[in-house]
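J.: Submitted below is the structure of interest, expressed as structure tokens.
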Amino acid sequence: MAQQQTAKYVYDFEEGNKDLKDLLGGKGANLAEMTNLGLPVPPGFTITTEACRAYLADGTEPDGLADEVGEHLRALEAKMGKRLGDSEDPLLVSVRSGAKFSMPGMMETVLNVGLTDASVHGLANQAGGNERFAWDSYRRLIQMFGKTVCEVPGEAFESALEAAKRAKNTHNDLDLDGNDLRALVDEYKKIFSQHTGRDFPQDPREQLDLAVHAVFDSWNADRAVLYRRQERIPADLGTAVNVVAMVFGNLGADSGTGVAFTRDPATGEQGVYGDYLANAQGEDVVAGIRNTVPLQELERIDKASFEQLIQIMATLEGHYQDLCDIEFTIERGKLWMLQTRVGKRTAAAAFVIATQLVDEGVIDLDEALNRVNGAQLAQLMFPTFATDGDHKPVARGVAASPGAAVGKAVFDSHYAAELGEQGEKVILVRRETNPDDLPGMIAAQGVLTSRGGKTSHAAVVARGMGKTCVCGAEALEVDLEGRKFTVNGQTISEGDVISIDGTSGKIYLGEVPVQDSPVVRYFEGETGPESDPLVSAVHRIITHADSVRRLGVWTNADTGEDAARARRFGAQGIGLCRTEHMFLGDRRELVERLILAETEADRQAALDALLPLQRADFLEIFRAMKGQPVVVRLIDPPLHEFLPGLEDLAAKVAVAEALHKDPGKDGVMLVAVRRMHEQNPMLGLRGVRLGLVIPGLFAMQIRAIAEAAAQCRQEGCDPRPEIMVPLVGAVQELETVRAEAEKVLRDVFDKAGVEVPVMIGTMIELPRAALNAGQIAQAAEFFSFGTNDLTQMTWGFSRDDVEAAFFSRYLELGIFGVSPFESIDRDGVGRLVQIAVKEGRAARPDLQLGVCGEHGGDPDSVHFFHEAGLDYVSCSPFRVPVARLEAGRAAVASGGSDSR
């Protein structure tokens, strides 16, 4: 049932502005903004995202939309002095998608709408009798309309075009004349009829309406859904549709189309960057089907248009106060602006441009911090190639998206995705990519194409995803059917390893070794901030983040080496030291002795043997942290995790018995493993329950902590241990362990003659603990949220089992926008955190609050923890800089206020 019209669904460009992206989409809002700035924008109108959502909800146009489109179409015809599809003087329009967030190539576009068997002659007359131009435009419409609107296989049209070129003995479609293209149109119409069962529509308004519906439908196309999931774009936004009077870049040598950037989107360097293609329409540039010339060449080709474009670029960058990405067309010497947006850029360019704009007085450091993010910083910490004389590039292309990528050459997107799922590292090699290649691009380490430039589909999408990309490597002869490419007489077949450098554009055969990135070397203290412009930019922005953030950033570390590295990366403490990691390797035998002990004396002997080893571990960590807090979690997992697996052990014993041999220790071990076996160990004897059931276990660990702290204090350093009791669900559990801990601490410090303050707290990882935080806080000096277990317990599933089992399906269906283990589930797990914070602090105002789950290093989650009022986040050493940056961004976003 169609909805009654309750909103205005169509806006002329003069009615909008750049702040209406929710309603008009990014493209429509920016077309309106450029129109209002007085820039040369072809007239047009935008159908809103609200219309799209209504259409997708009901499967039909909302009431009143058709009439509104008709009204705005008549106004457009009046402005242009032409009628849509008129046989004598036709108006043609483009129909283009435009969501709030840029989704390059993921949704549909139809150009030249309004061309028919009758109006094609009028178009030729408009172009001064240029029959070639008119029939070229008509064949493009049938091809785009057929593929986009009616799902005619694109290969059918491509095959017909290739056949026409072969008949003309050429590889270039520009060599086809008017008669060739007229015949091609006839062939295209036959293809259309064969696949659709109808003739190509000759009613211009029907063409327009069907094209609009196709754009709406493309919001839910597989590639659009996949891209949104990859980029975390909400699924319920919908797309706007822009209907724009056509201007033509394929009218001859004095016409053309291009894409420009106000700064280099790969490095951030200032200058003239972009691509231009003479005698072409815009899709030819972004599709990468013909190699472009650098934008600088336009100055030689059309100096007046070049100078006007440079002036407009300066105007737009000044207006948007950021790097702008611009699409333009020149029609017989007249420049038209078809689109602008704040341009996608590489992670390196984001940091460099942000600091450039600060130096230029355009933005302040708070805004610079807002212009970058933790995901970009993480990209900059990936390794780079360590090339030397032994590795010579075999070719060089356009450095489209930086990074060092090594993998097997794969020539099919779907096969690349298959190999990626199997854990293989691959490089997707194509002549040029198109939106259907998205699954392979996501799975690949990098993308290599023989055609296209910095503004081709491959380049734009790869930059957006942070993937390494080299485009336009013309020396490569890519044979997709043969699944190989040749370069300089060498053949590289599918499965051969290649390496591509997206920073230099170099392509290598075989595996090139990698080295730490300059940003990592900076964080390690190996280089200073002045070492290069990128490192300088990172230093300035993260230093500012540190100056404004409220959240502390700690680390998860179990060894002195990890702790030392985390400190170099800026960690202010250890929020999680997992003691169970100290029971692995050579020490497993001592744990087995503890588990198999049959008498109190045997158990104590095993504990006594473990004590000095644990003490040495803690001493190493306290020394490395040099006066910073160290939260030590008492042993958490079930003890049987330190024993052989039940099935393997049972098999060994069965074999021994079948051979009439004594199973020896394996037999004794099997009895213990069977005794301790649990159907669901995550919900069994672990955490605080171990400490209450296994006498002396927690006491041994607490004594080791205390003795290490006492020795450290005697050495003159400043140990700050904090003891964390895991899996507490009731305050009585914590009170019992606390009483034992205080007794051990007092005994150790009295004997050593030192006093070391030791905080005792708990990990909040059970829903019951969060809901009873007020009670538990009476016995806890700190809470640390263990969001890994809290997520499992709240959702009722095991991470190890469910991620492979059904998460991908849940993401497809939109049940998850992102895995709840990757980013905090604000509505469920986050709500429990908020309750625990409020009730815990109400009971104990000075309660220290942190988080030590994987979410502590997730950018989105860091913002939540800032809002929730935590004191610190703790994450792996490598993610410490990311958390520092995001903690600063969270403070700026909230106005710098304390959220408590």
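In the structure tokens, chains take the letters A, B, ... in the order shown, each chain's residues start at 1, and ligands count up from 1 in the order shown.
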Please provide the set of residues having any atom within 8 Å of segment 203-218 of chain A, restricted to only C-alpha atoms, with same-chain residues fewer than 2 positions apart removed, written as a list in words.
T.: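 Listed by chain and then number, they are Cys52, Tyr55, Leu56, Leu84, Gly85, Val95, Arg96, Ser97, Met106, Met107, Glu108, Thr109, Val110, Val113, Gly114, Leu115, Thr116, Phe145, Thr148, Val149, Pro201, Asn220, Ala221, Ala224, Gly238, Thr239, Ala240 and Val241 of chain A.
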J.: With N, CA and C atoms kept, could you save the residues just selected as a PDB file, in the first residue's frame?
T.:
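Now in result_9.pdb:
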```pdb
ATOM      1  N   CYS A  52      13.335   7.444  -1.136  1.00  0.00           N
ATOM      2  CA  CYS A  52      13.950   6.131  -1.299  1.00  0.00           C
ATOM      3  C   CYS A  52      13.496   5.178  -0.203  1.00  0.00           C
ATOM      4  N   TYR A  55       9.964   4.143  -0.815  1.00  0.00           N
ATOM      5  CA  TYR A  55       9.903   3.230  -1.953  1.00  0.00           C
ATOM      6  C   TYR A  55      10.360   1.820  -1.545  1.00  0.00           C
ATOM      7  N   LEU A  56      11.463   1.724  -0.819  1.00  0.00           N
ATOM      8  CA  LEU A  56      11.984   0.422  -0.428  1.00  0.00           C
ATOM      9  C   LEU A  56      11.074  -0.265   0.581  1.00  0.00           C
ATOM     10  N   LEU A  84      12.448  17.275 -22.402  1.00  0.00           N
ATOM     11  CA  LEU A  84      13.026  15.943 -22.289  1.00  0.00           C
ATOM     12  C   LEU A  84      12.623  15.096 -23.491  1.00  0.00           C
ATOM     13  N   GLY A  85      13.608  14.634 -24.252  1.00  0.00           N
ATOM     14  CA  GLY A  85      13.359  13.736 -25.362  1.00  0.00           C
ATOM     15  C   GLY A  85      12.744  14.366 -26.595  1.00  0.00           C
ATOM     16  N   VAL A  95      20.871  10.422 -14.372  1.00  0.00           N
ATOM     17  CA  VAL A  95      20.181   9.976 -13.155  1.00  0.00           C
ATOM     18  C   VAL A  95      21.231   9.268 -12.315  1.00  0.00           C
ATOM     19  N   ARG A  96      21.588   9.880 -11.185  1.00  0.00           N
ATOM     20  CA  ARG A  96      22.736   9.393 -10.420  1.00  0.00           C
ATOM     21  C   ARG A  96      22.380   9.248  -8.948  1.00  0.00           C
ATOM     22  N   SER A  97      22.938   8.221  -8.328  1.00  0.00           N
ATOM     23  CA  SER A  97      22.736   7.996  -6.896  1.00  0.00           C
ATOM     24  C   SER A  97      23.531   9.020  -6.093  1.00  0.00           C
ATOM     25  N   MET A 106      29.254   1.941  -6.013  1.00  0.00           N
ATOM     26  CA  MET A 106      28.465   0.856  -5.450  1.00  0.00           C
ATOM     27  C   MET A 106      27.006   0.890  -5.901  1.00  0.00           C
ATOM     28  N   MET A 107      26.511   2.065  -6.292  1.00  0.00           N
ATOM     29  CA  MET A 107      25.121   2.175  -6.735  1.00  0.00           C
ATOM     30  C   MET A 107      25.086   2.650  -8.182  1.00  0.00           C
ATOM     31  N   GLU A 108      23.891   2.866  -8.703  1.00  0.00           N
ATOM     32  CA  GLU A 108      23.747   2.987 -10.143  1.00  0.00           C
ATOM     33  C   GLU A 108      23.723   4.419 -10.662  1.00  0.00           C
ATOM     34  N   THR A 109      24.104   4.540 -11.914  1.00  0.00           N
ATOM     35  CA  THR A 109      24.067   5.790 -12.672  1.00  0.00           C
ATOM     36  C   THR A 109      23.576   5.472 -14.080  1.00  0.00           C
ATOM     37  N   VAL A 110      22.715   6.326 -14.618  1.00  0.00           N
ATOM     38  CA  VAL A 110      22.302   6.201 -16.013  1.00  0.00           C
ATOM     39  C   VAL A 110      22.456   7.570 -16.662  1.00  0.00           C
ATOM     40  N   VAL A 113      19.656   9.955 -20.375  1.00  0.00           N
ATOM     41  CA  VAL A 113      18.242   9.594 -20.317  1.00  0.00           C
ATOM     42  C   VAL A 113      17.436  10.611 -21.133  1.00  0.00           C
ATOM     43  N   GLY A 114      16.556  10.119 -21.967  1.00  0.00           N
ATOM     44  CA  GLY A 114      15.757  10.963 -22.848  1.00  0.00           C
ATOM     45  C   GLY A 114      16.048  10.735 -24.314  1.00  0.00           C
ATOM     46  N   LEU A 115      17.107   9.980 -24.627  1.00  0.00           N
ATOM     47  CA  LEU A 115      17.415   9.671 -26.015  1.00  0.00           C
ATOM     48  C   LEU A 115      16.498   8.561 -26.522  1.00  0.00           C
ATOM     49  N   THR A 116      15.977   8.749 -27.719  1.00  0.00           N
ATOM     50  CA  THR A 116      15.115   7.766 -28.363  1.00  0.00           C
ATOM     51  C   THR A 116      15.481   7.704 -29.841  1.00  0.00           C
ATOM     52  N   PHE A 145      21.381   1.648 -19.390  1.00  0.00           N
ATOM     53  CA  PHE A 145      20.004   1.400 -19.006  1.00  0.00           C
ATOM     54  C   PHE A 145      19.731  -0.103 -18.976  1.00  0.00           C
ATOM     55  N   THR A 148      21.747  -1.596 -15.937  1.00  0.00           N
ATOM     56  CA  THR A 148      21.372  -1.055 -14.639  1.00  0.00           C
ATOM     57  C   THR A 148      19.902  -1.276 -14.309  1.00  0.00           C
ATOM     58  N   VAL A 149      19.049  -0.968 -15.268  1.00  0.00           N
ATOM     59  CA  VAL A 149      17.609  -0.969 -15.006  1.00  0.00           C
ATOM     60  C   VAL A 149      16.990  -2.341 -15.264  1.00  0.00           C
ATOM     61  N   PRO A 201      12.629   1.225 -24.320  1.00  0.00           N
ATOM     62  CA  PRO A 201      11.545   2.213 -24.146  1.00  0.00           C
ATOM     63  C   PRO A 201      11.811   3.508 -24.910  1.00  0.00           C
ATOM     64  N   ASN A 220      20.145  -1.639  -2.106  1.00  0.00           N
ATOM     65  CA  ASN A 220      20.213  -2.970  -1.505  1.00  0.00           C
ATOM     66  C   ASN A 220      20.884  -3.997  -2.414  1.00  0.00           C
ATOM     67  N   ALA A 221      21.593  -3.544  -3.439  1.00  0.00           N
ATOM     68  CA  ALA A 221      22.370  -4.466  -4.261  1.00  0.00           C
ATOM     69  C   ALA A 221      23.469  -5.111  -3.419  1.00  0.00           C
ATOM     70  N   ALA A 224      26.546  -3.026  -2.759  1.00  0.00           N
ATOM     71  CA  ALA A 224      26.301  -1.884  -1.874  1.00  0.00           C
ATOM     72  C   ALA A 224      26.195  -2.339  -0.430  1.00  0.00           C
ATOM     73  N   GLY A 238      19.252   4.909   3.067  1.00  0.00           N
ATOM     74  CA  GLY A 238      18.728   5.107   1.723  1.00  0.00           C
ATOM     75  C   GLY A 238      19.596   6.067   0.922  1.00  0.00           C
ATOM     76  N   THR A 239      19.314   6.135  -0.370  1.00  0.00           N
ATOM     77  CA  THR A 239      20.067   7.025  -1.252  1.00  0.00           C
ATOM     78  C   THR A 239      19.149   8.064  -1.867  1.00  0.00           C
ATOM     79  N   ALA A 240      19.690   9.253  -2.081  1.00  0.00           N
ATOM     80  CA  ALA A 240      18.983  10.246  -2.877  1.00  0.00           C
ATOM     81  C   ALA A 240      19.245   9.946  -4.351  1.00  0.00           C
ATOM     82  N   VAL A 241      18.461  10.600  -5.237  1.00  0.00           N
ATOM     83  CA  VAL A 241      18.661  10.468  -6.679  1.00  0.00           C
ATOM     84  C   VAL A 241      18.775  11.870  -7.263  1.00  0.00           C
TER      85      VAL A 241
END
```
J.: Quick one: residues within 10 Å of Val447 of chain A, only C-alpha atoms counted, chain neighbours fewer than 4 positions away excluded, as a CSV table (one decimal) with C-alpha atoms, in the first residue's frame?
T.:
```csv
chain,number,residue,atom,x,y,z
A,400,ALA,CA,47.1,5.0,-5.8
A,401,SER,CA,46.9,3.8,-2.2
A,405,ALA,CA,51.2,-5.9,0.0
A,409,ALA,CA,48.4,-13.1,-8.0
A,410,VAL,CA,44.7,-13.9,-8.5
A,426,VAL,CA,46.4,-12.7,-2.5
A,427,ILE,CA,46.9,-9.7,-4.8
A,428,LEU,CA,43.8,-9.1,-7.0
A,429,VAL,CA,45.1,-8.4,-10.5
A,430,ARG,CA,42.7,-6.9,-13.1
A,432,GLU,CA,40.5,-2.4,-14.3
A,433,THR,CA,38.1,-3.1,-11.4
A,440,GLY,CA,37.9,-9.8,-4.0
A,441,MET,CA,39.1,-6.3,-3.2
A,442,ILE,CA,38.1,-6.8,0.5
A,458,ALA,CA,40.2,0.6,-8.0
A,459,ALA,CA,42.0,3.6,-6.6
A,462,ALA,CA,41.1,0.9,-2.2
A,467,LYS,CA,44.1,-1.3,0.9
A,468,THR,CA,47.3,-1.1,-1.0
A,469,CYS,CA,46.7,-0.3,-4.7
A,470,VAL,CA,48.8,0.2,-7.8
A,471,CYS,CA,46.8,1.3,-10.9
A,500,ILE,CA,53.2,-4.2,-4.8
A,502,GLY,CA,51.3,1.5,-3.2
```
J.: Select from segment 678-721 of chain A every residue with an atom at most 12 Å from any atom of segment 789-800 of chain A, then for each give the shortest pair of atoms and their distance in Å to one decimal, using only C-alpha atoms, rows by chain and rising number, as JSON lines.
T.:
```
{"residue": "A:Asn680", "atom": "CA", "partner": "A:Ser798", "partner_atom": "CA", "distance": 9.8}
{"residue": "A:Pro681", "atom": "CA", "partner": "A:Ser798", "partner_atom": "CA", "distance": 10.8}
{"residue": "A:Met682", "atom": "CA", "partner": "A:Ser798", "partner_atom": "CA", "distance": 8.4}
{"residue": "A:Leu683", "atom": "CA", "partner": "A:Met793", "partner_atom": "CA", "distance": 9.1}
{"residue": "A:Gly687", "atom": "CA", "partner": "A:Asp789", "partner_atom": "CA", "distance": 11.7}
```
J.: Can you tell me, as number ranges by chain, which residues in segment 261-341 of chain A count as strand (DSSP E) by DSSP?
T.: A: 261-263, 270-278, 293-294, 324-331, 334-341
J.: Point out the residue among A:Gln628, A:Thr384, A:Ser547, A:Gln701 with the least atom-to-atom distance to Thr579 of chain A, counting only C-alpha atoms.
T.: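 For Thr579 of chain A, the nearest of the candidates is A:Gln701.
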J.: For Ile760 of chain A, find every residue with an atom within 10 Å (counting only C-alpha atoms), except residues of its own chain fewer than 5 positions away, and show them as a PyMOL selection string.
T.: chain A and resi 631-632+721-725+734+737-738+741-742+779-783
J.: How would the residues just chosen look if you wrote them out with all heavy atoms as a compact mmCIF listing (two decimals), in the first residue's frame?
T.:
```txt
# COMPACT_ATOMS: atom_id res chain seq x y z
N VAL A 631 47.87 -3.97 37.04
CA VAL A 631 46.72 -4.74 37.51
C VAL A 631 46.99 -6.21 37.19
O VAL A 631 47.05 -6.60 36.01
CB VAL A 631 45.41 -4.28 36.85
CG1 VAL A 631 44.25 -5.14 37.32
CG2 VAL A 631 45.15 -2.81 37.15
N VAL A 632 47.14 -7.03 38.22
CA VAL A 632 47.42 -8.45 38.05
C VAL A 632 46.13 -9.22 38.28
O VAL A 632 45.54 -9.16 39.37
CB VAL A 632 48.50 -8.93 39.03
CG1 VAL A 632 48.76 -10.42 38.82
CG2 VAL A 632 49.78 -8.13 38.88
N PRO A 721 51.28 -2.36 42.48
CA PRO A 721 50.45 -3.49 42.10
C PRO A 721 48.98 -3.30 42.48
O PRO A 721 48.66 -2.65 43.48
CB PRO A 721 51.06 -4.66 42.88
CG PRO A 721 51.68 -4.01 44.08
CD PRO A 721 52.14 -2.66 43.64
N GLU A 722 48.12 -3.85 41.66
CA GLU A 722 46.69 -3.92 41.96
C GLU A 722 46.25 -5.35 41.69
O GLU A 722 46.57 -5.91 40.64
CB GLU A 722 45.90 -2.94 41.09
CG GLU A 722 46.33 -1.48 41.29
CD GLU A 722 45.54 -0.51 40.42
OE1 GLU A 722 44.48 -0.91 39.88
OE2 GLU A 722 45.97 0.65 40.29
N ILE A 723 45.57 -5.95 42.64
CA ILE A 723 45.16 -7.35 42.52
C ILE A 723 43.71 -7.42 42.06
O ILE A 723 42.82 -6.84 42.70
CB ILE A 723 45.36 -8.10 43.86
CG1 ILE A 723 46.85 -8.13 44.22
CG2 ILE A 723 44.78 -9.50 43.79
CD1 ILE A 723 47.12 -8.68 45.61
N MET A 724 43.50 -8.14 40.95
CA MET A 724 42.16 -8.23 40.39
C MET A 724 41.63 -9.66 40.51
O MET A 724 42.27 -10.60 40.03
CB MET A 724 42.15 -7.78 38.93
CG MET A 724 40.78 -7.83 38.28
SD MET A 724 40.68 -6.77 36.81
CE MET A 724 41.81 -7.60 35.70
N VAL A 725 40.48 -9.78 41.12
CA VAL A 725 39.85 -11.08 41.32
C VAL A 725 38.85 -11.30 40.19
O VAL A 725 37.92 -10.51 40.03
CB VAL A 725 39.15 -11.15 42.69
CG1 VAL A 725 38.55 -12.54 42.90
CG2 VAL A 725 40.13 -10.80 43.81
N LEU A 734 34.15 -11.95 46.74
CA LEU A 734 35.25 -11.00 46.79
C LEU A 734 35.69 -10.76 48.23
O LEU A 734 36.89 -10.65 48.52
CB LEU A 734 34.84 -9.68 46.13
CG LEU A 734 35.92 -8.60 46.09
CD1 LEU A 734 37.16 -9.09 45.35
CD2 LEU A 734 35.37 -7.33 45.41
N VAL A 737 38.02 -13.65 49.33
CA VAL A 737 39.37 -13.56 48.75
C VAL A 737 40.10 -12.36 49.31
O VAL A 737 41.31 -12.42 49.61
CB VAL A 737 39.28 -13.48 47.21
CG1 VAL A 737 40.67 -13.26 46.61
CG2 VAL A 737 38.66 -14.74 46.64
N ARG A 738 39.40 -11.26 49.52
CA ARG A 738 40.04 -10.04 50.03
C ARG A 738 40.63 -10.28 51.42
O ARG A 738 41.74 -9.84 51.72
CB ARG A 738 39.03 -8.89 50.05
CG ARG A 738 39.66 -7.59 50.48
CD ARG A 738 38.69 -6.43 50.56
NE ARG A 738 39.44 -5.23 50.84
CZ ARG A 738 39.87 -4.37 49.94
NH1 ARG A 738 39.57 -4.55 48.66
NH2 ARG A 738 40.60 -3.32 50.28
N ALA A 741 43.76 -12.19 51.02
CA ALA A 741 44.80 -11.37 50.39
C ALA A 741 45.40 -10.39 51.38
O ALA A 741 46.63 -10.22 51.44
CB ALA A 741 44.20 -10.62 49.19
N GLU A 742 44.56 -9.74 52.16
CA GLU A 742 45.07 -8.75 53.13
C GLU A 742 45.99 -9.41 54.16
O GLU A 742 47.00 -8.83 54.57
CB GLU A 742 43.90 -8.04 53.79
CG GLU A 742 43.18 -7.09 52.85
CD GLU A 742 41.93 -6.46 53.47
OE1 GLU A 742 41.42 -7.05 54.45
OE2 GLU A 742 41.49 -5.41 52.97
N ALA A 779 33.41 -3.85 48.58
CA ALA A 779 34.60 -4.66 48.86
C ALA A 779 35.68 -4.46 47.80
O ALA A 779 36.75 -5.07 47.89
CB ALA A 779 34.23 -6.14 48.92
N ALA A 780 35.43 -3.62 46.80
CA ALA A 780 36.37 -3.43 45.68
C ALA A 780 36.82 -1.99 45.60
O ALA A 780 36.00 -1.07 45.67
CB ALA A 780 35.71 -3.86 44.37
N GLU A 781 38.12 -1.79 45.44
CA GLU A 781 38.65 -0.44 45.25
C GLU A 781 38.68 -0.06 43.77
O GLU A 781 38.86 1.11 43.44
CB GLU A 781 40.06 -0.36 45.84
CG GLU A 781 40.06 -0.53 47.35
CD GLU A 781 41.46 -0.72 47.88
OE1 GLU A 781 41.92 -1.88 47.92
OE2 GLU A 781 42.10 0.29 48.25
N PHE A 782 38.54 -1.06 42.90
CA PHE A 782 38.47 -0.75 41.47
C PHE A 782 37.65 -1.82 40.76
O PHE A 782 37.52 -2.95 41.23
CB PHE A 782 39.87 -0.65 40.85
CG PHE A 782 40.63 -1.94 40.77
CD1 PHE A 782 40.47 -2.80 39.68
CD2 PHE A 782 41.53 -2.32 41.77
CE1 PHE A 782 41.16 -3.99 39.59
CE2 PHE A 782 42.23 -3.51 41.69
CZ PHE A 782 42.05 -4.36 40.59
N PHE A 783 37.07 -1.42 39.65
CA PHE A 783 36.44 -2.34 38.70
C PHE A 783 37.23 -2.27 37.40
O PHE A 783 37.62 -1.19 36.96
CB PHE A 783 35.00 -1.92 38.36
CG PHE A 783 33.98 -2.12 39.43
CD1 PHE A 783 32.71 -1.56 39.29
CD2 PHE A 783 34.25 -2.87 40.57
CE1 PHE A 783 31.76 -1.73 40.25
CE2 PHE A 783 33.28 -3.04 41.56
CZ PHE A 783 32.03 -2.46 41.39
```
J.: Residues near Pro90 of chain A, anyone? I mean within 9 Å using only C-alpha atoms, not counting same-chain ones fewer than 6 positions away, as a list in words.
T.: Lys82, Arg83, Leu84, Gly114, Leu115, Ser119, Val120, Gly122, Leu123 and Gln126 of chain A
J.: Include C-alpha atoms and write out the residues we just selected as a short mmCIF file (atom, residue, chain, number, x, y, z; two decimals), in the first residue's frame.
T.:
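Generated file (again-v1.cif):
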```cif
data_model
loop_
_atom_site.label_atom_id
_atom_site.label_comp_id
_atom_site.auth_asym_id
_atom_site.auth_seq_id
_atom_site.Cartn_x
_atom_site.Cartn_y
_atom_site.Cartn_z
CA LYS A 82 14.45 22.27 -24.11
CA ARG A 83 12.05 19.41 -23.47
CA LEU A 84 13.03 15.94 -22.29
CA GLY A 114 15.76 10.96 -22.85
CA LEU A 115 17.42 9.67 -26.01
CA SER A 119 15.54 12.44 -30.43
CA VAL A 120 18.91 11.00 -31.45
CA GLY A 122 17.78 16.14 -32.75
CA LEU A 123 20.88 15.58 -30.60
CA GLN A 126 22.33 20.23 -31.57
#
```
J.: Using only C-alpha atoms, which of A:Leu365, A:Leu692, A:Val818, A:Leu534 sits nearest Asp860 of chain A?
T.: A:Val818
